[in-house]
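Q: Take a look at the following structure, please.
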Amino acid sequence: MKTKRWITSLACMLLVAGTIAGIAVAAGNQGTQTNPLVTLEYLDNVFLPNLLEQTDKKISDKIDEWKAELQNDGGIVFTSVSVDAGKLLYLTAGSQVILRGGTASSPDPILNLTTGEQQTGTLTVNSLYIALGNEHKIPVSSAAIFLVLGECSVR
């Protein structure tokens, strides 16, 4: 009986010793060439600077690409149009217009993108409008300056 107990105790001690040895070996292999340990210092000194450089380069390349596309397509450019008092500014459907100075009105409904509402009557200076139909006319009461994106004519 004593030998059985002695063998069981020895087996338990060997099992505990083996478990401790296994944990020690596993803990000792951290940070080796085959199982690297990533530290905050590595991230700060190696990983982040490269990541930031790559991100900045990609953003810069994309901006250059967009600039080249705008130059090739003529870009989105508002044209300055001066209209004398008593004349009419005619816009095509979808044309955008900003009244920069003077007095003008719209007898037909026009979309004011600044307020998000459709309106008729006097146009507000520095508000962005979109013409809703072809041959949309804007009578000018006193000499006015418009910025127009799209097709327009003065008659």
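Every chain in the structure tokens has a letter given in the order shown (A, B, ...), and although residue numbers restart at 1 in each chain, ligands are simply numbered from 1 in the order shown.
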Using DSSP on the backbone coordinates, identify the residues of range 53-85 of chain A assigned to alpha helix (DSSP H); present them as a tab-separated table (two decimals) with N, CA, C and O atoms, in the first residue's frame.

A:
```tsv
chain	number	residue	atom	x	y	z
A	53	GLU	N	4.45	57.68	-43.69
A	53	GLU	CA	5.06	58.06	-44.97
A	53	GLU	C	4.27	57.49	-46.14
A	53	GLU	O	4.02	58.18	-47.13
A	54	GLN	N	3.89	56.22	-46.03
A	54	GLN	CA	3.14	55.59	-47.11
A	54	GLN	C	1.77	56.26	-47.29
A	54	GLN	O	1.32	56.49	-48.41
A	55	THR	N	1.11	56.57	-46.18
A	55	THR	CA	-0.20	57.22	-46.25
A	55	THR	C	-0.09	58.60	-46.87
A	55	THR	O	-0.87	58.97	-47.74
A	56	ASP	N	0.90	59.39	-46.42
A	56	ASP	CA	1.10	60.73	-47.00
A	56	ASP	C	1.38	60.65	-48.49
A	56	ASP	O	0.88	61.47	-49.26
A	57	LYS	N	2.17	59.69	-48.91
A	57	LYS	CA	2.50	59.53	-50.33
A	57	LYS	C	1.26	59.19	-51.14
A	57	LYS	O	1.03	59.75	-52.21
A	58	LYS	N	0.44	58.28	-50.63
A	58	LYS	CA	-0.78	57.90	-51.35
A	58	LYS	C	-1.75	59.08	-51.46
A	58	LYS	O	-2.35	59.29	-52.51
A	59	ILE	N	-1.88	59.84	-50.39
A	59	ILE	CA	-2.76	61.02	-50.43
A	59	ILE	C	-2.24	62.03	-51.43
A	59	ILE	O	-3.00	62.58	-52.23
A	60	SER	N	-0.94	62.29	-51.40
A	60	SER	CA	-0.33	63.25	-52.33
A	60	SER	C	-0.51	62.79	-53.78
A	60	SER	O	-0.84	63.60	-54.65
A	61	ASP	N	-0.30	61.51	-54.04
A	61	ASP	CA	-0.47	60.98	-55.39
A	61	ASP	C	-1.92	61.14	-55.85
A	61	ASP	O	-2.17	61.49	-57.01
A	62	LYS	N	-2.89	60.89	-54.97
A	62	LYS	CA	-4.30	60.99	-55.33
A	62	LYS	C	-4.67	62.44	-55.63
A	62	LYS	O	-5.40	62.72	-56.58
A	63	ILE	N	-4.16	63.37	-54.83
A	63	ILE	CA	-4.44	64.79	-55.06
A	63	ILE	C	-3.86	65.22	-56.41
A	63	ILE	O	-4.52	65.93	-57.18
A	64	ASP	N	-2.63	64.79	-56.72
A	64	ASP	CA	-2.02	65.12	-58.01
A	64	ASP	C	-2.84	64.54	-59.16
A	64	ASP	O	-3.02	65.19	-60.19
A	65	GLU	N	-3.36	63.32	-58.96
A	65	GLU	CA	-4.18	62.68	-60.00
A	65	GLU	C	-5.46	63.48	-60.23
A	65	GLU	O	-5.86	63.72	-61.37
A	66	TRP	N	-6.11	63.92	-59.16
A	66	TRP	CA	-7.34	64.71	-59.30
A	66	TRP	C	-7.06	66.05	-59.96
A	66	TRP	O	-7.85	66.51	-60.79
A	67	LYS	N	-5.95	66.69	-59.60
A	67	LYS	CA	-5.60	67.97	-60.22
A	67	LYS	C	-5.39	67.79	-61.72
A	67	LYS	O	-5.83	68.61	-62.52
A	68	ALA	N	-4.71	66.70	-62.11
A	68	ALA	CA	-4.47	66.44	-63.53
A	68	ALA	C	-5.79	66.20	-64.26
A	68	ALA	O	-5.98	66.69	-65.38
A	69	GLU	N	-6.72	65.47	-63.64
A	69	GLU	CA	-8.02	65.22	-64.26
A	69	GLU	C	-8.78	66.53	-64.45
A	69	GLU	O	-9.40	66.75	-65.49
A	70	LEU	N	-8.76	67.39	-63.44
A	70	LEU	CA	-9.47	68.67	-63.56
A	70	LEU	C	-8.87	69.53	-64.66
A	70	LEU	O	-9.60	70.20	-65.40
A	71	GLN	N	-7.54	69.53	-64.78
A	71	GLN	CA	-6.91	70.33	-65.82
A	71	GLN	C	-7.22	69.77	-67.20
A	71	GLN	O	-7.44	70.52	-68.15
A	72	ASN	N	-7.29	68.45	-67.34
A	72	ASN	CA	-7.59	67.83	-68.62
A	72	ASN	C	-9.04	68.04	-69.02
A	72	ASN	O	-9.35	68.21	-70.20
A	73	ASP	N	-9.93	68.04	-68.04
A	73	ASP	CA	-11.35	68.19	-68.33
A	73	ASP	C	-11.78	69.65	-68.39
A	73	ASP	O	-12.94	69.95	-68.62
```

Q: Could you work out how far CA of Val154 in chain A lies from CA of Val97 in chain A, giving the answer in Å with one decimal?

A: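 According to the coordinates, CA of Val97 in chain A and CA of Val154 in chain A are separated by 13.4 Å.
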
Q: State, in Å with one decimal place, the distance from CA of Val140 in chain A to CA of Val77 in chain A.

A: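 Atom-to-atom, CA of Val140 in chain A to CA of Val77 in chain A, that is 22.9 Å.
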
Q: Just want the 10 Å neighbourhood of range 121-133 of chain A, counted on only C-alpha atoms, with same-chain residues fewer than 5 positions away dropped. Output as JSON, numbers by chain.

A: {"A": [90, 91, 92, 93, 94, 95, 96, 97, 98, 99, 100, 101, 102, 103, 104, 105, 106, 107, 108, 109, 110, 111, 112, 113, 114, 115, 116, 138, 139, 140, 141, 145, 146, 147, 148, 149, 150]}

Q: Name the residues of chain A that come out as strand (DSSP E) in a backbone DSSP run; write them as a compact mmCIF listing (two decimals) with all heavy atoms, in the first residue's frame.

A:
```txt
# COMPACT_ATOMS: atom_id res chain seq x y z
N THR A 79 -18.07 81.00 -64.41
CA THR A 79 -17.74 82.10 -65.30
C THR A 79 -18.40 83.37 -64.79
O THR A 79 -19.59 83.35 -64.43
CB THR A 79 -18.24 81.80 -66.73
OG1 THR A 79 -17.70 80.55 -67.15
CG2 THR A 79 -17.82 82.88 -67.70
N SER A 80 -17.66 84.46 -64.77
CA SER A 80 -18.21 85.72 -64.34
C SER A 80 -18.99 86.36 -65.51
O SER A 80 -18.47 86.46 -66.62
CB SER A 80 -17.09 86.66 -63.88
OG SER A 80 -17.62 87.88 -63.49
N VAL A 81 -20.24 86.76 -65.24
CA VAL A 81 -21.10 87.35 -66.26
C VAL A 81 -21.66 88.66 -65.72
O VAL A 81 -22.29 88.68 -64.66
CB VAL A 81 -22.26 86.40 -66.65
CG1 VAL A 81 -23.17 87.05 -67.68
CG2 VAL A 81 -21.73 85.07 -67.14
N SER A 82 -21.42 89.74 -66.45
CA SER A 82 -21.98 91.05 -66.08
C SER A 82 -23.22 91.31 -66.93
O SER A 82 -23.21 91.10 -68.13
CB SER A 82 -20.96 92.16 -66.34
OG SER A 82 -19.84 91.99 -65.52
N VAL A 83 -24.28 91.78 -66.27
CA VAL A 83 -25.54 92.05 -66.97
C VAL A 83 -25.99 93.47 -66.60
O VAL A 83 -26.05 93.82 -65.43
CB VAL A 83 -26.63 91.03 -66.56
CG1 VAL A 83 -27.92 91.29 -67.33
CG2 VAL A 83 -26.15 89.60 -66.79
N LEU A 88 -31.90 90.61 -69.57
CA LEU A 88 -32.27 89.32 -69.00
C LEU A 88 -31.10 88.35 -69.09
O LEU A 88 -30.42 88.29 -70.12
CB LEU A 88 -33.47 88.72 -69.73
CG LEU A 88 -34.79 89.48 -69.65
CD1 LEU A 88 -35.81 88.86 -70.59
CD2 LEU A 88 -35.32 89.46 -68.24
N LEU A 89 -30.89 87.57 -68.05
CA LEU A 89 -29.92 86.47 -68.06
C LEU A 89 -30.71 85.19 -68.27
O LEU A 89 -31.61 84.88 -67.48
CB LEU A 89 -29.15 86.43 -66.73
CG LEU A 89 -28.18 85.25 -66.57
CD1 LEU A 89 -26.99 85.39 -67.54
CD2 LEU A 89 -27.67 85.16 -65.14
N TYR A 90 -30.41 84.46 -69.35
CA TYR A 90 -31.09 83.21 -69.64
C TYR A 90 -30.18 82.04 -69.26
O TYR A 90 -29.00 82.02 -69.62
CB TYR A 90 -31.44 83.11 -71.13
CG TYR A 90 -32.61 83.98 -71.54
CD1 TYR A 90 -32.41 85.29 -71.94
CD2 TYR A 90 -33.91 83.48 -71.49
CE1 TYR A 90 -33.47 86.09 -72.31
CE2 TYR A 90 -34.98 84.28 -71.86
CZ TYR A 90 -34.76 85.58 -72.27
OH TYR A 90 -35.82 86.38 -72.63
N LEU A 91 -30.75 81.06 -68.55
CA LEU A 91 -29.99 79.89 -68.11
C LEU A 91 -30.61 78.62 -68.68
O LEU A 91 -31.82 78.56 -68.89
CB LEU A 91 -30.01 79.80 -66.58
CG LEU A 91 -29.45 80.98 -65.80
CD1 LEU A 91 -29.78 80.84 -64.33
CD2 LEU A 91 -27.95 81.08 -66.00
N GLN A 96 -26.00 76.53 -62.71
CA GLN A 96 -25.90 77.09 -61.37
C GLN A 96 -25.49 78.55 -61.47
O GLN A 96 -24.68 78.92 -62.31
CB GLN A 96 -24.87 76.31 -60.56
CG GLN A 96 -25.22 74.85 -60.41
CD GLN A 96 -24.16 74.08 -59.66
OE1 GLN A 96 -23.47 74.62 -58.81
NE2 GLN A 96 -24.02 72.81 -59.99
N VAL A 97 -26.05 79.37 -60.60
CA VAL A 97 -25.78 80.80 -60.65
C VAL A 97 -25.68 81.36 -59.23
O VAL A 97 -26.41 80.93 -58.33
CB VAL A 97 -26.85 81.54 -61.48
CG1 VAL A 97 -28.20 81.46 -60.83
CG2 VAL A 97 -26.46 82.98 -61.72
N ILE A 98 -24.73 82.28 -59.05
CA ILE A 98 -24.58 83.00 -57.78
C ILE A 98 -24.61 84.49 -58.11
O ILE A 98 -23.82 84.95 -58.93
CB ILE A 98 -23.24 82.64 -57.10
CG1 ILE A 98 -23.14 81.15 -56.81
CG2 ILE A 98 -23.07 83.45 -55.81
CD1 ILE A 98 -21.78 80.71 -56.32
N LEU A 99 -25.50 85.21 -57.48
CA LEU A 99 -25.56 86.67 -57.64
C LEU A 99 -24.50 87.27 -56.73
O LEU A 99 -24.55 87.10 -55.52
CB LEU A 99 -26.94 87.20 -57.28
CG LEU A 99 -27.11 88.72 -57.31
CD1 LEU A 99 -26.89 89.26 -58.73
CD2 LEU A 99 -28.48 89.11 -56.79
N ARG A 100 -23.50 87.95 -57.31
CA ARG A 100 -22.40 88.52 -56.52
C ARG A 100 -22.62 90.00 -56.23
O ARG A 100 -22.05 90.52 -55.28
CB ARG A 100 -21.07 88.33 -57.26
CG ARG A 100 -20.68 86.88 -57.43
CD ARG A 100 -20.35 86.22 -56.13
NE ARG A 100 -19.09 86.79 -55.66
CZ ARG A 100 -18.69 86.83 -54.42
NH1 ARG A 100 -19.43 86.32 -53.48
NH2 ARG A 100 -17.55 87.37 -54.09
N GLY A 101 -23.44 90.67 -57.01
CA GLY A 101 -23.69 92.08 -56.77
C GLY A 101 -24.81 92.56 -57.67
O GLY A 101 -25.08 91.98 -58.71
N GLY A 102 -25.50 93.63 -57.27
CA GLY A 102 -26.61 94.15 -58.05
C GLY A 102 -27.93 93.59 -57.56
O GLY A 102 -28.02 92.96 -56.51
N THR A 103 -28.98 93.81 -58.40
CA THR A 103 -30.33 93.35 -58.04
C THR A 103 -30.91 92.57 -59.20
O THR A 103 -30.92 93.04 -60.34
CB THR A 103 -31.25 94.55 -57.72
OG1 THR A 103 -30.59 95.38 -56.76
CG2 THR A 103 -32.57 94.10 -57.18
N ALA A 104 -31.40 91.37 -58.89
CA ALA A 104 -32.02 90.52 -59.91
C ALA A 104 -33.12 89.71 -59.24
O ALA A 104 -33.14 89.56 -58.01
CB ALA A 104 -30.98 89.61 -60.55
N SER A 105 -34.03 89.18 -60.08
CA SER A 105 -35.12 88.38 -59.53
C SER A 105 -35.41 87.22 -60.48
O SER A 105 -34.90 87.17 -61.60
CB SER A 105 -36.37 89.24 -59.34
OG SER A 105 -36.77 89.76 -60.58
N SER A 106 -36.21 86.30 -60.01
CA SER A 106 -36.60 85.16 -60.83
C SER A 106 -38.12 85.05 -60.80
O SER A 106 -38.70 84.70 -59.77
CB SER A 106 -35.97 83.87 -60.29
OG SER A 106 -36.41 82.77 -61.04
N PRO A 107 -38.80 85.35 -61.94
CA PRO A 107 -40.26 85.23 -61.96
C PRO A 107 -40.71 83.77 -61.92
O PRO A 107 -41.80 83.47 -61.46
CB PRO A 107 -40.66 85.91 -63.27
CG PRO A 107 -39.43 85.88 -64.11
CD PRO A 107 -38.27 85.86 -63.18
N ASP A 108 -39.86 82.87 -62.41
CA ASP A 108 -40.17 81.44 -62.39
C ASP A 108 -39.48 80.80 -61.19
O ASP A 108 -38.47 81.31 -60.70
CB ASP A 108 -39.67 80.78 -63.68
CG ASP A 108 -40.34 81.35 -64.93
OD1 ASP A 108 -41.54 81.65 -64.85
OD2 ASP A 108 -39.65 81.52 -65.95
N PRO A 109 -39.99 79.66 -60.72
CA PRO A 109 -39.35 79.00 -59.57
C PRO A 109 -37.88 78.64 -59.88
O PRO A 109 -37.56 78.19 -60.97
CB PRO A 109 -40.18 77.74 -59.36
CG PRO A 109 -41.49 78.01 -60.01
CD PRO A 109 -41.19 78.93 -61.16
N ILE A 110 -37.03 78.89 -58.91
CA ILE A 110 -35.62 78.55 -58.99
C ILE A 110 -35.23 77.92 -57.66
O ILE A 110 -35.77 78.30 -56.61
CB ILE A 110 -34.76 79.80 -59.32
CG1 ILE A 110 -33.33 79.41 -59.66
CG2 ILE A 110 -34.81 80.83 -58.20
CD1 ILE A 110 -32.51 80.52 -60.30
N LEU A 111 -34.33 76.95 -57.68
CA LEU A 111 -33.93 76.22 -56.47
C LEU A 111 -32.78 76.95 -55.79
O LEU A 111 -31.72 77.13 -56.39
CB LEU A 111 -33.54 74.79 -56.81
CG LEU A 111 -33.13 73.91 -55.64
CD1 LEU A 111 -34.27 73.76 -54.65
CD2 LEU A 111 -32.69 72.55 -56.13
N ASN A 112 -33.00 77.38 -54.56
CA ASN A 112 -31.97 78.03 -53.77
C ASN A 112 -31.28 76.93 -52.94
O ASN A 112 -31.83 76.43 -51.98
CB ASN A 112 -32.59 79.09 -52.85
CG ASN A 112 -31.54 79.86 -52.07
OD1 ASN A 112 -30.43 79.40 -51.88
ND2 ASN A 112 -31.93 81.03 -51.59
N GLU A 117 -34.62 75.53 -50.56
CA GLU A 117 -36.02 75.74 -50.92
C GLU A 117 -36.14 76.28 -52.34
O GLU A 117 -35.23 76.91 -52.86
CB GLU A 117 -36.65 76.74 -49.95
CG GLU A 117 -36.67 76.28 -48.52
CD GLU A 117 -37.18 77.35 -47.56
OE1 GLU A 117 -37.31 78.51 -47.99
OE2 GLU A 117 -37.43 77.01 -46.41
N GLN A 118 -37.31 76.03 -52.91
CA GLN A 118 -37.64 76.61 -54.21
C GLN A 118 -38.22 77.99 -53.95
O GLN A 118 -38.97 78.18 -53.00
CB GLN A 118 -38.69 75.71 -54.88
CG GLN A 118 -38.56 75.61 -56.33
CD GLN A 118 -39.57 74.61 -56.89
OE1 GLN A 118 -40.62 74.40 -56.32
NE2 GLN A 118 -39.23 74.03 -58.00
N GLN A 119 -37.83 78.96 -54.77
CA GLN A 119 -38.33 80.31 -54.53
C GLN A 119 -38.58 81.04 -55.84
O GLN A 119 -38.09 80.65 -56.88
CB GLN A 119 -37.36 81.10 -53.66
CG GLN A 119 -36.11 81.57 -54.40
CD GLN A 119 -35.21 82.42 -53.53
OE1 GLN A 119 -34.83 82.00 -52.46
NE2 GLN A 119 -34.89 83.62 -54.01
N THR A 120 -39.35 82.10 -55.74
CA THR A 120 -39.51 83.07 -56.83
C THR A 120 -39.29 84.44 -56.20
O THR A 120 -39.37 84.60 -54.98
CB THR A 120 -40.92 83.01 -57.45
OG1 THR A 120 -41.88 83.20 -56.41
CG2 THR A 120 -41.18 81.69 -58.14
N GLY A 121 -38.97 85.41 -57.04
CA GLY A 121 -38.77 86.77 -56.53
C GLY A 121 -37.30 87.15 -56.49
O GLY A 121 -36.48 86.58 -57.21
N THR A 122 -36.98 88.10 -55.63
CA THR A 122 -35.64 88.67 -55.57
C THR A 122 -34.60 87.63 -55.15
O THR A 122 -34.81 86.88 -54.20
CB THR A 122 -35.62 89.85 -54.57
OG1 THR A 122 -36.62 90.79 -54.95
CG2 THR A 122 -34.27 90.53 -54.56
N LEU A 128 -26.46 80.25 -53.76
CA LEU A 128 -26.30 79.39 -54.94
C LEU A 128 -27.67 78.92 -55.41
O LEU A 128 -28.44 78.35 -54.63
CB LEU A 128 -25.40 78.20 -54.61
CG LEU A 128 -25.19 77.17 -55.71
CD1 LEU A 128 -24.50 77.80 -56.91
CD2 LEU A 128 -24.38 76.00 -55.18
N TYR A 129 -27.96 79.16 -56.69
CA TYR A 129 -29.24 78.79 -57.28
C TYR A 129 -29.03 77.82 -58.43
O TYR A 129 -27.99 77.86 -59.10
CB TYR A 129 -29.97 80.03 -57.82
CG TYR A 129 -30.33 81.05 -56.76
CD1 TYR A 129 -29.50 82.12 -56.49
CD2 TYR A 129 -31.51 80.92 -56.04
CE1 TYR A 129 -29.83 83.05 -55.52
CE2 TYR A 129 -31.85 81.85 -55.07
CZ TYR A 129 -31.00 82.91 -54.80
OH TYR A 129 -31.34 83.81 -53.85
N ILE A 130 -30.03 76.97 -58.68
CA ILE A 130 -30.03 76.07 -59.84
C ILE A 130 -31.29 76.33 -60.65
O ILE A 130 -32.40 76.32 -60.11
CB ILE A 130 -29.97 74.59 -59.42
CG1 ILE A 130 -28.64 74.28 -58.76
CG2 ILE A 130 -30.17 73.68 -60.63
CD1 ILE A 130 -28.46 72.83 -58.38
N ALA A 131 -31.09 76.55 -61.95
CA ALA A 131 -32.22 76.77 -62.86
C ALA A 131 -32.95 75.44 -63.06
O ALA A 131 -32.33 74.40 -63.28
CB ALA A 131 -31.73 77.31 -64.19
N HIS A 136 -34.53 79.58 -68.62
CA HIS A 136 -34.93 80.21 -67.36
C HIS A 136 -34.40 81.64 -67.36
O HIS A 136 -33.21 81.86 -67.52
CB HIS A 136 -34.34 79.43 -66.17
CG HIS A 136 -34.80 79.93 -64.85
ND1 HIS A 136 -35.86 79.37 -64.19
CD2 HIS A 136 -34.37 80.96 -64.07
CE1 HIS A 136 -36.06 80.02 -63.06
NE2 HIS A 136 -35.16 80.99 -62.97
N LYS A 137 -35.30 82.60 -67.24
CA LYS A 137 -34.87 84.00 -67.34
C LYS A 137 -34.80 84.66 -65.97
O LYS A 137 -35.63 84.42 -65.10
CB LYS A 137 -35.78 84.77 -68.29
CG LYS A 137 -37.20 84.83 -67.89
CD LYS A 137 -38.03 85.53 -68.95
CE LYS A 137 -39.49 85.27 -68.66
NZ LYS A 137 -40.30 85.21 -69.81
N ILE A 138 -33.77 85.49 -65.83
CA ILE A 138 -33.57 86.27 -64.61
C ILE A 138 -33.46 87.74 -65.02
O ILE A 138 -32.45 88.16 -65.56
CB ILE A 138 -32.29 85.82 -63.87
CG1 ILE A 138 -32.44 84.36 -63.45
CG2 ILE A 138 -32.01 86.71 -62.67
CD1 ILE A 138 -31.24 83.79 -62.76
N PRO A 139 -34.53 88.52 -64.78
CA PRO A 139 -34.48 89.95 -65.09
C PRO A 139 -33.56 90.68 -64.10
O PRO A 139 -33.56 90.39 -62.92
CB PRO A 139 -35.92 90.42 -64.93
CG PRO A 139 -36.75 89.20 -64.75
CD PRO A 139 -35.85 88.09 -64.35
N VAL A 140 -32.80 91.65 -64.62
CA VAL A 140 -31.87 92.40 -63.80
C VAL A 140 -32.41 93.83 -63.63
O VAL A 140 -32.64 94.53 -64.61
CB VAL A 140 -30.47 92.41 -64.45
CG1 VAL A 140 -29.51 93.29 -63.68
CG2 VAL A 140 -29.93 91.00 -64.55
N SER A 141 -32.59 94.27 -62.38
CA SER A 141 -33.11 95.61 -62.07
C SER A 141 -32.01 96.65 -62.09
O SER A 141 -32.18 97.75 -62.60
CB SER A 141 -33.78 95.61 -60.70
OG SER A 141 -34.78 94.63 -60.66
N SER A 142 -30.89 96.32 -61.45
CA SER A 142 -29.72 97.22 -61.50
C SER A 142 -28.53 96.36 -61.89
O SER A 142 -28.52 95.15 -61.64
CB SER A 142 -29.51 97.88 -60.13
OG SER A 142 -29.17 96.93 -59.15
N ALA A 143 -27.54 96.98 -62.52
CA ALA A 143 -26.39 96.23 -63.05
C ALA A 143 -25.95 95.15 -62.06
O ALA A 143 -25.79 95.41 -60.87
CB ALA A 143 -25.24 97.17 -63.35
N ALA A 144 -25.79 93.94 -62.57
CA ALA A 144 -25.50 92.81 -61.69
C ALA A 144 -24.32 92.00 -62.22
O ALA A 144 -24.05 91.99 -63.42
CB ALA A 144 -26.72 91.90 -61.57
N ILE A 145 -23.65 91.35 -61.29
CA ILE A 145 -22.57 90.43 -61.63
C ILE A 145 -22.95 89.06 -61.10
O ILE A 145 -23.32 88.91 -59.94
CB ILE A 145 -21.23 90.88 -61.01
CG1 ILE A 145 -20.85 92.25 -61.54
CG2 ILE A 145 -20.14 89.86 -61.27
CD1 ILE A 145 -19.64 92.85 -60.86
N PHE A 146 -22.87 88.06 -61.99
CA PHE A 146 -23.21 86.69 -61.64
C PHE A 146 -21.98 85.80 -61.83
O PHE A 146 -21.14 86.07 -62.68
CB PHE A 146 -24.31 86.15 -62.56
CG PHE A 146 -25.64 86.85 -62.42
CD1 PHE A 146 -25.97 87.91 -63.26
CD2 PHE A 146 -26.56 86.44 -61.48
CE1 PHE A 146 -27.19 88.55 -63.16
CE2 PHE A 146 -27.78 87.08 -61.36
CZ PHE A 146 -28.09 88.13 -62.21
N LEU A 147 -21.93 84.73 -61.06
CA LEU A 147 -21.02 83.63 -61.35
C LEU A 147 -21.91 82.50 -61.85
O LEU A 147 -22.86 82.10 -61.17
CB LEU A 147 -20.27 83.19 -60.08
CG LEU A 147 -19.26 84.19 -59.53
CD1 LEU A 147 -18.65 83.65 -58.24
CD2 LEU A 147 -18.19 84.49 -60.54
N VAL A 148 -21.61 82.00 -63.05
CA VAL A 148 -22.49 81.00 -63.69
C VAL A 148 -21.68 79.75 -64.02
O VAL A 148 -20.60 79.83 -64.58
CB VAL A 148 -23.12 81.57 -64.98
CG1 VAL A 148 -24.00 80.53 -65.64
CG2 VAL A 148 -23.90 82.83 -64.68
N LEU A 149 -22.23 78.61 -63.66
CA LEU A 149 -21.68 77.31 -64.05
C LEU A 149 -22.72 76.66 -64.94
O LEU A 149 -23.80 76.29 -64.49
CB LEU A 149 -21.39 76.45 -62.81
CG LEU A 149 -20.87 75.04 -63.10
CD1 LEU A 149 -19.52 75.10 -63.80
CD2 LEU A 149 -20.75 74.24 -61.82
N CYS A 152 -25.33 79.95 -70.45
CA CYS A 152 -26.17 81.13 -70.22
C CYS A 152 -26.01 82.09 -71.40
O CYS A 152 -25.07 81.99 -72.18
CB CYS A 152 -25.79 81.82 -68.92
SG CYS A 152 -24.20 82.64 -68.96
N SER A 153 -26.94 83.01 -71.50
CA SER A 153 -26.86 84.07 -72.50
C SER A 153 -27.51 85.31 -71.92
O SER A 153 -28.37 85.23 -71.04
CB SER A 153 -27.53 83.65 -73.81
OG SER A 153 -28.90 83.42 -73.59
N VAL A 154 -27.09 86.47 -72.42
CA VAL A 154 -27.65 87.75 -71.98
C VAL A 154 -28.36 88.36 -73.16
O VAL A 154 -27.81 88.48 -74.23
CB VAL A 154 -26.53 88.69 -71.46
CG1 VAL A 154 -27.12 90.04 -71.06
CG2 VAL A 154 -25.78 88.05 -70.31
```

Q: Rounded to one decimal place, report the CA of Trp6 in chain A-CA of Ala21 in chain A distance in Å.

A: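 Here the two named atoms are 22.1 Å from each other.
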